[in-house]
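Structure first, then comments.
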Amino acid sequence: MKYTKHQSNELVDFIYNSCMHDSVLVGVTYDASKKKTILNLDNHYFSRKMYFEFEETVLFMQRNKITDEKLDENHYRTINYIGIEENTNGLPHDLDINDRIYILIQFFSMDEIHIVANSVEIK
């Protein structure tokens, strides 16, 4: 299903009712020339894989909060929270998110991925 800013409520419902919490980020592809971002998630508990394809990505930003090498590698990639955000604090001040989806992904390691795009298709 493909979602735009105008379908934010449906996207929130899908995220809430899906198996994204405790999923592991197994792959990220960002193609700046095509403005496309692809995230591959795998939830071992529910044997479910999900693919997020962001079209017209205007921001892809990763923030690392912890760099403790003693933590399990999956700890860094296991999703604790994924949601649609309206608060743009911490994003570049000149970034216009009107009519765009802003998704924040937080991991148990406290690392974050911020993506702002025109749409996202979830497969």
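Note on naming: chains are A, B, ... as they come in the structure tokens, residues start from 1 per chain, ligands start from 1 in the order shown.
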Open item on the list: as a ChimeraX atom specification, please: the residues near Arg77 in chain A (cut-off 12 Å, only C-alpha atoms, same-chain neighbours under 6 positions excluded).
Closed with: /A:21-28,39-43,64,71,105-113
Task: Contacts of Ile38 in chain A within 12 Å, only C-alpha atoms, excl. fewer than 2 positions in-chain, as a PyMOL selection string - done: chain A and resi 25-32+34-36+40-41+50-57+60+115+117+119-123
Task: Which of range 45-116 of chain A DSSP labels strand (DSSP E or B), written as a count of residues only - done: 35
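Taking CA of Arg48 in chain A as the reference point, CA of Tyr16 in chain A is found at 15.0 Å.
The closest residue to Tyr3 in chain A, picked from A:Leu91, A:Val58, A:Ile15, A:Ile101 and counting only C-alpha atoms, is A:Ile101.
CA of Val116 in chain A sits 13.0 Å away from CA of Asp94 in chain A.
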Open item on the list: To test your reading of the structure, identify every residue in chain A that backbone DSSP assigns to helix (DSSP H, G or I), and report it as number ranges by chain.
Closed with: A: 5-17, 73-77
Task: Counting only C-alpha atoms, the option among A:Leu104, A:Leu95, A:Met61, A:Ile84 closest to Thr4 in chain A - done: A:Ile84
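In this comparison, which uses only C-alpha atoms, the residue of A:His93, A:His114, A:Met1, A:Asn87 approaching Leu59 in chain A most closely is A:His114.
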